[in-house]
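Shown below: start-v8.csv, with CSV, C-alpha atoms.
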chain,number,residue,atom,x,y,z
A,363,MET,CA,-12.0,1.4,-5.4
A,364,GLY,CA,-13.2,-2.2,-5.5
A,365,ASN,CA,-12.2,-5.2,-3.3
A,366,SER,CA,-10.5,-4.2,0.0
A,367,ILE,CA,-7.9,-2.0,1.6
A,368,VAL,CA,-7.1,-3.0,5.1
A,369,PHE,CA,-5.6,-0.6,7.6
A,370,VAL,CA,-3.1,-2.1,10.1
A,371,LEU,CA,-1.5,-0.1,12.8
A,372,LEU,CA,1.9,-1.5,13.6
A,373,ALA,CA,3.2,-0.5,17.0
A,374,VAL,CA,6.9,-0.4,17.0
A,375,VAL,CA,7.1,-1.4,20.6
A,376,SER,CA,5.1,-4.6,20.1
A,377,LEU,CA,7.0,-7.9,20.2
A,378,TRP,CA,5.7,-11.0,18.3
A,379,CYS,CA,7.5,-14.2,19.2
A,380,PHE,CA,6.9,-17.6,17.7
A,381,THR,CA,9.1,-20.3,16.3
A,382,ALA,CA,9.9,-20.9,12.6
A,383,ARG,CA,8.2,-24.2,12.9
A,384,THR,CA,5.0,-22.5,13.8
A,385,ALA,CA,5.3,-20.0,11.0
A,386,PHE,CA,6.0,-22.7,8.4
A,387,SER,CA,3.0,-24.8,9.5
A,388,GLN,CA,0.7,-23.3,6.9
A,389,PRO,CA,-0.1,-26.2,4.5
A,390,ASN,CA,-1.0,-24.4,1.3
A,391,ARG,CA,-0.3,-21.0,-0.3
A,392,GLN,CA,-3.4,-18.9,0.2
A,393,VAL,CA,-2.7,-16.3,-2.4
A,394,PRO,CA,-0.6,-16.5,-5.6
A,395,CYS,CA,1.7,-13.6,-4.8
A,396,LEU,CA,2.7,-10.9,-2.3
A,397,PHE,CA,4.1,-7.5,-3.3
A,398,ILE,CA,5.7,-5.3,-0.6
A,399,PHE,CA,6.3,-1.6,-0.5
A,400,GLY,CA,7.9,0.2,2.4
A,401,ASP,CA,11.0,1.3,4.3
A,402,SER,CA,13.6,-0.3,6.6
A,403,LEU,CA,10.9,-2.1,8.6
A,404,VAL,CA,10.4,-4.5,5.7
A,405,ASP,CA,13.4,-3.9,3.5
A,406,ASN,CA,15.1,-7.3,2.9
A,407,GLY,CA,18.2,-6.3,0.8
A,408,ASN,CA,17.3,-3.7,-1.8
A,409,ASN,CA,19.7,-1.2,-0.2
A,410,ASN,CA,22.7,-3.6,-0.2
A,411,GLY,CA,24.1,-2.4,-3.5
A,412,ILE,CA,23.6,1.3,-3.3
A,413,LEU,CA,25.5,4.2,-1.7
A,414,THR,CA,23.7,4.8,1.6
A,415,LEU,CA,24.1,4.7,5.3
A,416,ALA,CA,20.7,2.9,5.5
A,417,ARG,CA,22.1,-0.6,5.0
A,418,ALA,CA,22.0,-3.7,7.2
A,419,ASN,CA,24.0,-6.3,5.3
A,420,TYR,CA,26.5,-6.8,8.1
A,421,MET,CA,26.6,-8.7,11.4
A,422,PRO,CA,25.1,-8.7,14.0
A,423,TYR,CA,22.0,-7.9,11.8
A,424,GLY,CA,20.6,-11.2,10.8
A,425,ILE,CA,22.2,-13.0,13.8
A,426,ASP,CA,19.1,-15.1,14.2
A,427,PHE,CA,18.3,-15.4,10.5
A,428,PRO,CA,19.3,-18.7,8.8
A,429,GLN,CA,21.0,-16.8,5.9
A,430,GLY,CA,22.7,-14.3,8.2
A,431,ALA,CA,23.0,-10.7,7.3
A,432,THR,CA,20.8,-10.2,4.2
A,433,GLY,CA,20.0,-6.6,4.5
A,434,ARG,CA,17.1,-7.0,6.9
A,435,PHE,CA,17.1,-4.3,9.6
A,436,THR,CA,16.5,-6.7,12.5
A,437,ASN,CA,18.1,-9.8,14.1
A,438,GLY,CA,15.8,-12.3,12.3
A,439,ARG,CA,12.6,-12.2,10.3
A,440,THR,CA,10.7,-9.0,9.4
A,441,PHE,CA,6.9,-8.6,9.6
A,442,VAL,CA,6.4,-9.4,6.0
A,443,ASP,CA,8.7,-12.5,6.2
A,444,ILE,CA,6.3,-13.9,8.9
A,445,LEU,CA,3.3,-12.7,6.9
A,446,ALA,CA,4.6,-14.6,3.8
A,447,GLN,CA,5.0,-17.8,6.0
A,448,LEU,CA,1.5,-17.4,7.4
A,449,LEU,CA,0.1,-17.1,3.9
A,450,GLY,CA,1.7,-20.4,3.0
A,451,PHE,CA,4.6,-19.3,0.8
A,452,PRO,CA,7.4,-21.9,0.7
A,453,ASN,CA,10.1,-19.1,0.4
A,454,TYR,CA,10.5,-15.6,1.6
A,455,ILE,CA,9.5,-12.9,-1.0
A,456,PRO,CA,12.7,-11.8,-2.7
A,457,PRO,CA,14.0,-8.2,-2.9
A,458,TYR,CA,13.2,-6.6,-6.2
A,459,ALA,CA,16.9,-5.9,-6.6
A,460,ARG,CA,17.6,-9.5,-7.3
A,461,ALA,CA,14.1,-10.9,-8.3
A,462,ARG,CA,14.2,-12.3,-11.8
A,463,GLY,CA,12.0,-14.0,-14.4
A,464,ARG,CA,9.2,-16.3,-13.3
A,465,GLU,CA,10.2,-15.6,-9.7
A,466,LEU,CA,8.2,-12.4,-10.0
A,467,LEU,CA,5.0,-14.4,-10.2
A,468,GLN,CA,5.1,-15.0,-6.5
A,469,GLY,CA,5.8,-11.3,-5.8
A,470,ALA,CA,8.6,-9.0,-5.0
A,471,ASN,CA,9.7,-6.7,-2.1
A,472,TYR,CA,10.4,-3.2,-3.3
A,473,ALA,CA,10.9,-1.7,0.2
A,474,SER,CA,14.0,0.5,0.7
A,475,GLY,CA,15.5,1.6,4.0
A,476,ALA,CA,15.2,5.4,4.7
A,477,SER,CA,12.4,5.8,2.1
A,478,GLY,CA,9.2,7.7,2.5
A,479,ILE,CA,6.1,9.0,0.8
A,480,ARG,CA,8.0,12.1,-0.2
A,481,ASP,CA,10.9,11.8,-2.6
A,482,GLU,CA,13.4,13.8,-0.6
A,483,THR,CA,12.7,11.9,2.6
A,484,GLY,CA,15.8,10.0,3.7
A,485,ASN,CA,18.3,11.9,1.5
A,486,ASN,CA,20.3,12.7,4.7
A,487,LEU,CA,21.3,9.0,4.7
A,488,GLY,CA,22.1,8.7,1.1
A,489,ASP,CA,20.5,6.9,-1.8
A,490,HIS,CA,17.2,5.0,-1.5
A,491,MET,CA,14.0,4.1,-3.5
A,492,SER,CA,11.2,6.4,-2.5
A,493,MET,CA,7.6,5.2,-2.7
A,494,ASN,CA,7.2,6.9,-6.1
A,495,GLN,CA,10.2,4.9,-7.4
A,496,GLN,CA,8.9,1.7,-5.8
A,497,VAL,CA,5.6,2.1,-7.6
A,498,ASP,CA,7.4,2.7,-10.9
A,499,SER,CA,9.4,-0.5,-10.3
A,500,PHE,CA,6.1,-2.4,-9.8
A,501,GLY,CA,4.9,-0.9,-13.1
A,502,SER,CA,8.0,-2.4,-14.7
A,503,THR,CA,7.2,-5.7,-13.0
A,504,VAL,CA,3.7,-5.7,-14.5
A,505,GLN,CA,5.2,-5.2,-18.0
A,506,GLN,CA,7.5,-8.2,-17.4
A,507,LEU,CA,4.7,-10.4,-16.1
A,508,ARG,CA,2.7,-9.9,-19.3
A,509,ARG,CA,5.0,-12.4,-21.1
A,510,TYR,CA,3.8,-15.2,-18.8
A,511,PHE,CA,0.2,-14.4,-19.7
A,512,ARG,CA,0.9,-14.2,-23.5
A,513,GLY,CA,0.0,-10.5,-23.4
A,514,ASP,CA,-3.5,-11.1,-22.1
A,515,VAL,CA,-3.9,-8.1,-19.8
A,516,ASN,CA,-7.3,-9.4,-18.5
A,517,ALA,CA,-5.7,-12.7,-17.4
A,518,LEU,CA,-2.9,-10.8,-15.7
A,519,GLY,CA,-5.4,-8.5,-14.0
A,520,THR,CA,-7.3,-11.4,-12.7
A,521,TYR,CA,-4.1,-12.9,-11.3
A,522,LEU,CA,-3.0,-9.7,-9.6
A,523,SER,CA,-6.4,-9.2,-8.2
A,524,LYS,CA,-6.0,-12.3,-6.0
A,525,CYS,CA,-2.6,-11.2,-4.7
A,526,ILE,CA,-1.9,-9.3,-1.4
A,527,PHE,CA,-0.2,-5.9,-1.6
A,528,TYR,CA,1.5,-4.6,1.6
A,529,SER,CA,2.4,-0.9,1.9
A,530,GLY,CA,4.0,0.6,5.0
A,531,LEU,CA,5.4,4.2,4.7
A,532,GLY,CA,5.4,7.3,6.7
A,533,SER,CA,7.9,6.8,9.6
A,534,ASN,CA,10.8,8.4,7.7
A,535,ASP,CA,8.7,11.3,6.5
A,536,TYR,CA,8.7,12.3,10.2
A,537,LEU,CA,12.1,11.0,11.5
A,538,ASN,CA,14.2,11.7,8.4
A,539,ASN,CA,12.3,14.8,7.2
A,540,TYR,CA,9.8,16.8,9.2
A,541,PHE,CA,11.5,16.5,12.6
A,542,MET,CA,15.1,16.8,11.2
A,543,ARG,CA,14.9,20.5,11.2
A,544,ASP,CA,18.7,21.1,10.6
A,545,TYR,CA,18.4,19.3,7.2
A,546,TYR,CA,14.9,19.7,6.0
A,547,SER,CA,12.6,22.8,5.8
A,548,THR,CA,9.3,21.0,5.8
A,549,SER,CA,8.6,21.9,9.5
A,550,SER,CA,8.8,25.6,8.6
A,551,GLN,CA,6.7,25.1,5.5
A,552,TYR,CA,3.9,23.1,7.0
A,553,THR,CA,2.0,22.9,10.3
A,554,PRO,CA,1.7,19.3,11.6
A,555,GLN,CA,-1.9,19.2,10.3
A,556,ALA,CA,-0.9,20.5,6.9
A,557,TYR,CA,2.0,18.1,6.6
A,558,ALA,CA,-0.1,15.1,7.4
A,559,ALA,CA,-2.6,16.3,4.8
A,560,SER,CA,0.1,16.7,2.2
A,561,LEU,CA,1.5,13.2,2.9
A,562,ILE,CA,-2.0,11.7,2.6
A,563,GLN,CA,-2.6,13.5,-0.7
A,564,ASP,CA,0.7,12.1,-2.1
A,565,TYR,CA,0.0,8.6,-0.6
A,566,SER,CA,-3.5,8.5,-2.0
A,567,ARG,CA,-2.0,9.2,-5.5
A,568,GLN,CA,0.6,6.4,-5.0
A,569,LEU,CA,-1.9,3.9,-3.8
A,570,THR,CA,-4.3,4.8,-6.6
A,571,GLU,CA,-1.5,4.1,-9.1
A,572,LEU,CA,-1.0,0.7,-7.5
A,573,TYR,CA,-4.7,0.1,-8.0
A,574,ASN,CA,-4.4,1.2,-11.7
A,575,LEU,CA,-1.6,-1.3,-12.1
A,576,GLY,CA,-3.7,-4.2,-10.7
A,577,ALA,CA,-3.6,-4.1,-6.9
A,578,ARG,CA,-7.0,-5.0,-5.4
A,579,LYS,CA,-6.2,-6.4,-1.9
A,580,LEU,CA,-4.0,-3.9,-0.1
A,581,ILE,CA,-2.7,-3.8,3.5
A,582,VAL,CA,-1.8,-0.3,4.5
A,583,THR,CA,0.0,0.1,7.8
A,584,GLY,CA,-0.1,3.1,10.1
A,585,VAL,CA,2.9,4.6,11.8
A,586,GLY,CA,3.8,3.4,15.3
A,587,GLN,CA,4.7,5.7,18.2
A,588,ILE,CA,8.1,6.6,16.9
A,589,GLY,CA,8.4,9.3,19.6
A,590,CYS,CA,9.1,6.4,21.9
A,591,ILE,CA,11.8,4.5,20.0
A,592,PRO,CA,15.4,4.4,21.5
A,593,TYR,CA,16.6,6.9,18.8
A,594,GLN,CA,14.2,9.6,20.2
A,595,LEU,CA,14.6,8.6,23.9
A,596,ALA,CA,18.4,9.2,23.5
A,597,ARG,CA,17.8,12.7,22.3
A,598,TYR,CA,14.7,13.9,24.0
A,599,ASN,CA,15.0,15.9,27.2
A,600,GLY,CA,11.4,16.7,27.8
A,601,SER,CA,9.6,16.5,31.1
A,602,GLY,CA,6.5,14.6,32.2
A,603,SER,CA,6.9,11.8,29.6
A,604,ARG,CA,9.6,9.3,28.6
A,605,CYS,CA,8.6,9.8,24.9
A,606,ASN,CA,8.7,12.7,22.5
A,607,GLU,CA,5.0,13.5,22.5
A,608,GLU,CA,5.4,16.2,19.9
A,609,ILE,CA,6.3,13.5,17.4
A,610,ASN,CA,3.6,11.1,18.6
A,611,SER,CA,1.0,13.8,18.3
A,612,ALA,CA,2.0,14.5,14.7
A,613,ILE,CA,1.8,10.7,14.0
A,614,VAL,CA,-1.8,10.6,15.4
A,615,LEU,CA,-2.7,13.2,12.8
A,616,PHE,CA,-1.2,11.1,10.0
A,617,ASN,CA,-2.8,7.8,11.2
A,618,THR,CA,-6.2,9.4,11.6
A,619,ALA,CA,-6.1,10.8,8.1
A,620,LEU,CA,-4.8,7.5,6.8
A,621,LYS,CA,-7.8,5.7,8.3
A,622,ARG,CA,-10.1,8.1,6.5
A,623,LEU,CA,-8.3,7.4,3.3
A,624,VAL,CA,-8.8,3.7,3.7
A,625,ASP,CA,-12.5,4.3,4.4
A,626,ARG,CA,-12.8,6.5,1.3
A,627,PHE,CA,-11.1,3.8,-0.9
A,628,ASN,CA,-13.3,1.1,0.5
A,629,LYS,CA,-16.5,3.1,0.2
A,630,GLY,CA,-16.0,3.1,-3.6
A,631,PHE,CA,-17.7,6.2,-4.9
A,632,GLU,CA,-16.8,9.7,-3.8
A,633,VAL,CA,-19.3,11.4,-6.1
A,634,VAL,CA,-22.8,10.2,-5.8
A,635,ASP,CA,-24.9,13.3,-6.5
A,636,LYS,CA,-23.8,14.4,-10.0
A,637,GLY,CA,-23.0,12.9,-13.4
A,638,CYS,CA,-19.5,12.5,-14.7
A,639,CYS,CA,-20.6,13.9,-18.0
A,640,GLY,CA,-23.4,16.5,-18.3
A,641,VAL,CA,-24.4,20.1,-18.1
A,642,GLY,CA,-26.0,22.3,-15.4
A,643,ARG,CA,-26.8,21.6,-11.8
A,644,ASN,CA,-25.4,18.2,-10.7
A,645,ASN,CA,-24.4,17.7,-14.3
A,646,GLY,CA,-28.0,16.6,-14.6
A,647,GLN,CA,-30.0,19.3,-16.3
A,648,ILE,CA,-28.7,18.3,-19.8
A,649,THR,CA,-27.2,14.9,-20.4
A,650,CYS,CA,-23.8,14.2,-21.9
A,651,LEU,CA,-23.3,16.1,-25.1
A,652,PRO,CA,-21.4,14.9,-28.2
A,653,LEU,CA,-17.6,15.3,-27.8
A,654,GLN,CA,-18.1,16.8,-24.3
A,655,THR,CA,-15.1,16.2,-22.0
A,656,PRO,CA,-16.2,14.0,-19.1
A,657,CYS,CA,-14.7,13.9,-15.6
A,658,ASP,CA,-11.1,12.8,-15.3
A,659,ASP,CA,-11.5,10.0,-12.7
A,660,ARG,CA,-14.6,8.1,-13.7
A,661,ARG,CA,-14.0,5.4,-11.0
A,662,LYS,CA,-15.1,7.9,-8.4
A,663,TYR,CA,-18.5,8.5,-9.9
A,664,LEU,CA,-21.7,6.5,-9.3
A,665,PHE,CA,-23.4,8.2,-12.3
A,666,TRP,CA,-22.0,8.5,-15.8
A,667,ASP,CA,-24.6,11.0,-17.1
A,668,ALA,CA,-27.9,12.5,-15.8
A,669,PHE,CA,-29.5,9.0,-15.8
A,670,HIS,CA,-27.1,6.1,-16.1
A,671,PRO,CA,-24.5,4.5,-13.9
A,672,THR,CA,-20.8,4.3,-14.7
A,673,GLU,CA,-19.0,1.1,-15.6
A,674,VAL,CA,-17.6,0.8,-12.1
A,675,ALA,CA,-21.2,1.0,-10.7
A,676,ASN,CA,-22.3,-1.6,-13.3
A,677,ILE,CA,-19.5,-3.9,-12.3
A,678,LEU,CA,-20.5,-3.7,-8.7
A,679,LEU,CA,-24.2,-4.2,-9.4
A,680,ALA,CA,-23.6,-7.1,-11.7
A,681,LYS,CA,-21.3,-8.9,-9.3
A,682,LYS,CA,-23.8,-8.4,-6.5
A,683,ALA,CA,-26.7,-9.7,-8.6
A,684,TYR,CA,-24.6,-12.7,-9.7
A,685,SER,CA,-23.4,-13.9,-6.3
A,686,SER,CA,-24.7,-11.9,-3.4
A,687,LYS,CA,-26.6,-13.7,-0.7
A,688,SER,CA,-28.6,-10.6,0.0
A,689,LYS,CA,-32.1,-10.5,-1.5
A,690,SER,CA,-31.7,-6.8,-2.0
A,691,TYR,CA,-29.8,-7.4,-5.2
A,692,ALA,CA,-31.6,-10.5,-6.6
A,693,TYR,CA,-34.8,-12.2,-5.4
A,694,PRO,CA,-35.6,-14.9,-4.6
A,695,ILE,CA,-32.2,-16.3,-5.6
A,696,ASN,CA,-29.1,-14.8,-7.2
A,697,ILE,CA,-28.0,-15.4,-10.8
A,698,GLN,CA,-25.4,-17.9,-9.9
A,699,GLN,CA,-27.9,-20.0,-8.1
A,700,LEU,CA,-30.3,-19.7,-11.1
A,701,VAL,CA,-27.6,-21.1,-13.4
A,702,MET,CA,-27.2,-24.2,-11.2
A,703,LEU,CA,-31.0,-25.1,-11.3
Is it possible to give me this structure as structure tokens?
Amino acid sequence: MGNSIVFVLLAVVSLWCFTARTAFSQPNRQVPCLFIFGDSLVDNGNNNGILTLARANYMPYGIDFPQGATGRFTNGRTFVDILAQLLGFPNYIPPYARARGRELLQGANYASGASGIRDETGNNLGDHMSMNQQVDSFGSTVQQLRRYFRGDVNALGTYLSKCIFYSGLGSNDYLNNYFMRDYYSTSSQYTPQAYAASLIQDYSRQLTELYNLGARKLIVTGVGQIGCIPYQLARYNGSGSRCNEEINSAIVLFNTALKRLVDRFNKGFEVVDKGCCGVGRNNGQITCLPLQTPCDDRRKYLFWDAFHPTEVANILLAKKAYSSKSKSYAYPINIQQLVML
């Protein structure tokens, strides 16, 4: 998929404590923008103005936050607030609900409490913006940003390629969907393995859409052991463990599949043994014919036809030959070094 997708497993029982002075000590902004997608773990006010029980714009939420109750579902800063500070941003990334104009150049937070990968997830709590809606909102943002690049989509693409994209979904697809059996039917429709596979299939499509819109450096978080959160401990009467291990076991299936998804994206090519366009075995017995319909997703293919690489492969090879320090791509020096002679 190009550039990097990083998998981060956020354990909900972990505590990170450091002062605001420490967080603000970063001297310069390291990336031009930060875009955030997720649920209540990182929502910073998008649910304030909608009809939902998943709201946190009242005290004592925000009791330790300088601006008070802003819609953050914690006493102070969220994970992405601290991440923004560590990256050198002078201000917190604004919620998409109130981000306007040039402010979008530094990024936006699309996260919405109760949201999930599946559209119906969280409906038991009221309105919210699902991951599909969040991706659509980012698409609208990209359209707005074009004006600041005078319609130059290549310049905008270069800008977005330097930004960090954070995505953390999945908790509510279990807490407020699969394991809420009185409200949702997914647990009777899917085994835990099949449900994890379905979530990953949907999530893969959503992350691919972010890629198509310009995301190149993406942090994807796993789901913590939500079978051990107070909400579950107050309801669970199992024996032999304080936690609801049925939920935790299901989460392991999701996180394992998510890691494989990250590996697949970072590996780049899914199809390396046949052409995107061609006829016969491996699409290699006869090369691409006039007006033949090629494969749908050409970014997954190493070969375009029976002989030649795809554009994505050519981009990779050209960049390696230009700047790679490995002599496997250019010998005895790379092209960039040659230019400087």
I'd like the contact shell of Gly530 of chain A - 12 Å cut-off, all atoms listed in the file, skipping same-chain residues fewer than 2 positions apart - returned as a ChimeraX atom specification. /A:368-372,397-405,441-442,471-475,477-479,492-493,496,527-528,532-535,565,569,580-586,617,620
Take the residues from that selection and write them out as a PDB file, in the coordinates of the input, keeping C-alpha atoms.
ATOM      1  CA  VAL A 368      -7.100  -3.000   5.100  1.00  0.00           C
ATOM      2  CA  PHE A 369      -5.600  -0.600   7.600  1.00  0.00           C
ATOM      3  CA  VAL A 370      -3.100  -2.100  10.100  1.00  0.00           C
ATOM      4  CA  LEU A 371      -1.500  -0.100  12.800  1.00  0.00           C
ATOM      5  CA  LEU A 372       1.900  -1.500  13.600  1.00  0.00           C
ATOM      6  CA  PHE A 397       4.100  -7.500  -3.300  1.00  0.00           C
ATOM      7  CA  ILE A 398       5.700  -5.300  -0.600  1.00  0.00           C
ATOM      8  CA  PHE A 399       6.300  -1.600  -0.500  1.00  0.00           C
ATOM      9  CA  GLY A 400       7.900   0.200   2.400  1.00  0.00           C
ATOM     10  CA  ASP A 401      11.000   1.300   4.300  1.00  0.00           C
ATOM     11  CA  SER A 402      13.600  -0.300   6.600  1.00  0.00           C
ATOM     12  CA  LEU A 403      10.900  -2.100   8.600  1.00  0.00           C
ATOM     13  CA  VAL A 404      10.400  -4.500   5.700  1.00  0.00           C
ATOM     14  CA  ASP A 405      13.400  -3.900   3.500  1.00  0.00           C
ATOM     15  CA  PHE A 441       6.900  -8.600   9.600  1.00  0.00           C
ATOM     16  CA  VAL A 442       6.400  -9.400   6.000  1.00  0.00           C
ATOM     17  CA  ASN A 471       9.700  -6.700  -2.100  1.00  0.00           C
ATOM     18  CA  TYR A 472      10.400  -3.200  -3.300  1.00  0.00           C
ATOM     19  CA  ALA A 473      10.900  -1.700   0.200  1.00  0.00           C
ATOM     20  CA  SER A 474      14.000   0.500   0.700  1.00  0.00           C
ATOM     21  CA  GLY A 475      15.500   1.600   4.000  1.00  0.00           C
ATOM     22  CA  SER A 477      12.400   5.800   2.100  1.00  0.00           C
ATOM     23  CA  GLY A 478       9.200   7.700   2.500  1.00  0.00           C
ATOM     24  CA  ILE A 479       6.100   9.000   0.800  1.00  0.00           C
ATOM     25  CA  SER A 492      11.200   6.400  -2.500  1.00  0.00           C
ATOM     26  CA  MET A 493       7.600   5.200  -2.700  1.00  0.00           C
ATOM     27  CA  GLN A 496       8.900   1.700  -5.800  1.00  0.00           C
ATOM     28  CA  PHE A 527      -0.200  -5.900  -1.600  1.00  0.00           C
ATOM     29  CA  TYR A 528       1.500  -4.600   1.600  1.00  0.00           C
ATOM     30  CA  GLY A 532       5.400   7.300   6.700  1.00  0.00           C
ATOM     31  CA  SER A 533       7.900   6.800   9.600  1.00  0.00           C
ATOM     32  CA  ASN A 534      10.800   8.400   7.700  1.00  0.00           C
ATOM     33  CA  ASP A 535       8.700  11.300   6.500  1.00  0.00           C
ATOM     34  CA  TYR A 565       0.000   8.600  -0.600  1.00  0.00           C
ATOM     35  CA  LEU A 569      -1.900   3.900  -3.800  1.00  0.00           C
ATOM     36  CA  LEU A 580      -4.000  -3.900  -0.100  1.00  0.00           C
ATOM     37  CA  ILE A 581      -2.700  -3.800   3.500  1.00  0.00           C
ATOM     38  CA  VAL A 582      -1.800  -0.300   4.500  1.00  0.00           C
ATOM     39  CA  THR A 583       0.000   0.100   7.800  1.00  0.00           C
ATOM     40  CA  GLY A 584      -0.100   3.100  10.100  1.00  0.00           C
ATOM     41  CA  VAL A 585       2.900   4.600  11.800  1.00  0.00           C
ATOM     42  CA  GLY A 586       3.800   3.400  15.300  1.00  0.00           C
ATOM     43  CA  ASN A 617      -2.800   7.800  11.200  1.00  0.00           C
ATOM     44  CA  LEU A 620      -4.800   7.500   6.800  1.00  0.00           C
TER      45      LEU A 620
END
Which of A:Leu396, A:Ala668, A:Leu623, A:Leu561 sits closest to Asn453 of chain A [using only C-alpha atoms]: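 Ranked by minimum distance to Asn453 of chain A, first place goes to A:Leu396.
Among A:Lys636, A:Arg480, A:Lys629, A:Arg597, the residue with the shortest atom-to-atom distance to Trp666 of chain A, counting only C-alpha atoms, is A:Lys636.
Taking atom CA of Arg578 of chain A and atom CA of Ile677 of chain A as endpoints, the distance between them is 14.3 Å.
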Test item: which residues lie within 7 Å of (-2.2, -12.6, -4.6) counting only C-alpha atoms, as a list in words: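 The residues that fall inside the cut-off are Val393, Pro394, Cys395, Leu396, Tyr521, Leu522, Ser523, Lys524, Cys525 and Ile526 of chain A.
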Dump as a PyMOL selection string all residues having an atom at most 8 Å from (-23.1, 16.3, -19.5), computed in the file's coordinates with all atoms listed in the file. chain A and resi 637-642+645-646+648-651+654+656+667-668
Min atom-atom distance to Gly469 of chain A from the set A:Leu448, A:Thr432, A:Thr503, A:His490, counting all atoms listed in the file, belongs to A:Thr503
Straight-line distance linking atom CA of Asn539 of chain A with atom CA of Glu482 of chain A, stated in Å to one decimal: 7.9 Å
Excluding same-chain residues fewer than 6 positions from Gly433 of chain A, what lies within 12 Å of it counting all atoms listed in the file, as a VMD selection string? chain A and resid 401 to 412 416 to 425 427 439 to 440 456 to 457 459 473 to 475
Kindly save the residues from that selection, with C-alpha atoms included, as a short mmCIF file (atom, residue, chain, number, x, y, z; two decimals), in the frame of the given file.
data_model
loop_
_atom_site.label_atom_id
_atom_site.label_comp_id
_atom_site.auth_asym_id
_atom_site.auth_seq_id
_atom_site.Cartn_x
_atom_site.Cartn_y
_atom_site.Cartn_z
CA ASP A 401 11.00 1.30 4.30
CA SER A 402 13.60 -0.30 6.60
CA LEU A 403 10.90 -2.10 8.60
CA VAL A 404 10.40 -4.50 5.70
CA ASP A 405 13.40 -3.90 3.50
CA ASN A 406 15.10 -7.30 2.90
CA GLY A 407 18.20 -6.30 0.80
CA ASN A 408 17.30 -3.70 -1.80
CA ASN A 409 19.70 -1.20 -0.20
CA ASN A 410 22.70 -3.60 -0.20
CA GLY A 411 24.10 -2.40 -3.50
CA ILE A 412 23.60 1.30 -3.30
CA ALA A 416 20.70 2.90 5.50
CA ARG A 417 22.10 -0.60 5.00
CA ALA A 418 22.00 -3.70 7.20
CA ASN A 419 24.00 -6.30 5.30
CA TYR A 420 26.50 -6.80 8.10
CA MET A 421 26.60 -8.70 11.40
CA PRO A 422 25.10 -8.70 14.00
CA TYR A 423 22.00 -7.90 11.80
CA GLY A 424 20.60 -11.20 10.80
CA ILE A 425 22.20 -13.00 13.80
CA PHE A 427 18.30 -15.40 10.50
CA ARG A 439 12.60 -12.20 10.30
CA THR A 440 10.70 -9.00 9.40
CA PRO A 456 12.70 -11.80 -2.70
CA PRO A 457 14.00 -8.20 -2.90
CA ALA A 459 16.90 -5.90 -6.60
CA ALA A 473 10.90 -1.70 0.20
CA SER A 474 14.00 0.50 0.70
CA GLY A 475 15.50 1.60 4.00
#
Looking at A:Ile455, A:Ala596, A:Leu507, A:Leu487, which one is nearest to Gly519 of chain A, with distances taken over only C-alpha atoms?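 So, comparing all the options, the nearest one is A:Leu507.
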Please indicate the distance in Å from atom CA of Tyr552 of chain A to atom CA of Tyr536 of chain A, rounded to one decimal place.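 Between these atoms lies a distance of 12.2 Å.
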Considering only C-alpha atoms, can you say which of A:Pro671, A:Asp443, A:Thr483, A:Leu467 comes closest to Ser547 of chain A?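 Distance minimum relative to Ser547 of chain A lands on A:Thr483.
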Do you know which residues are at most 6 Å from segment 695-699 of chain A counting only C-alpha atoms, after dropping those on the same chain fewer than 4 positions away, and could you put them as a list in words? Ala683, Tyr684 and Ser685 of chain A
Output for the residues just chosen: C-alpha atoms as a tab-separated table (two decimals), in the frame of the given file:
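Now in result.tsv:
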chain	number	residue	atom	x	y	z
A	683	ALA	CA	-26.70	-9.70	-8.60
A	684	TYR	CA	-24.60	-12.70	-9.70
A	685	SER	CA	-23.40	-13.90	-6.30
Within 9 Å of Gly630 of chain A, counting only C-alpha atoms, which residues show up once you throw out same-chain ones fewer than 3 positions away? Write them as a list of chain:residue names, please. A:Met363, A:Gly364, A:Asp625, A:Arg626, A:Phe627, A:Arg661, A:Lys662, A:Tyr663, A:Leu664, A:Val674
Restricting to only C-alpha atoms, whichever of A:Ala577, A:Leu415, A:Leu537, A:Cys590 is closest to Thr520 of chain A is A:Ala577
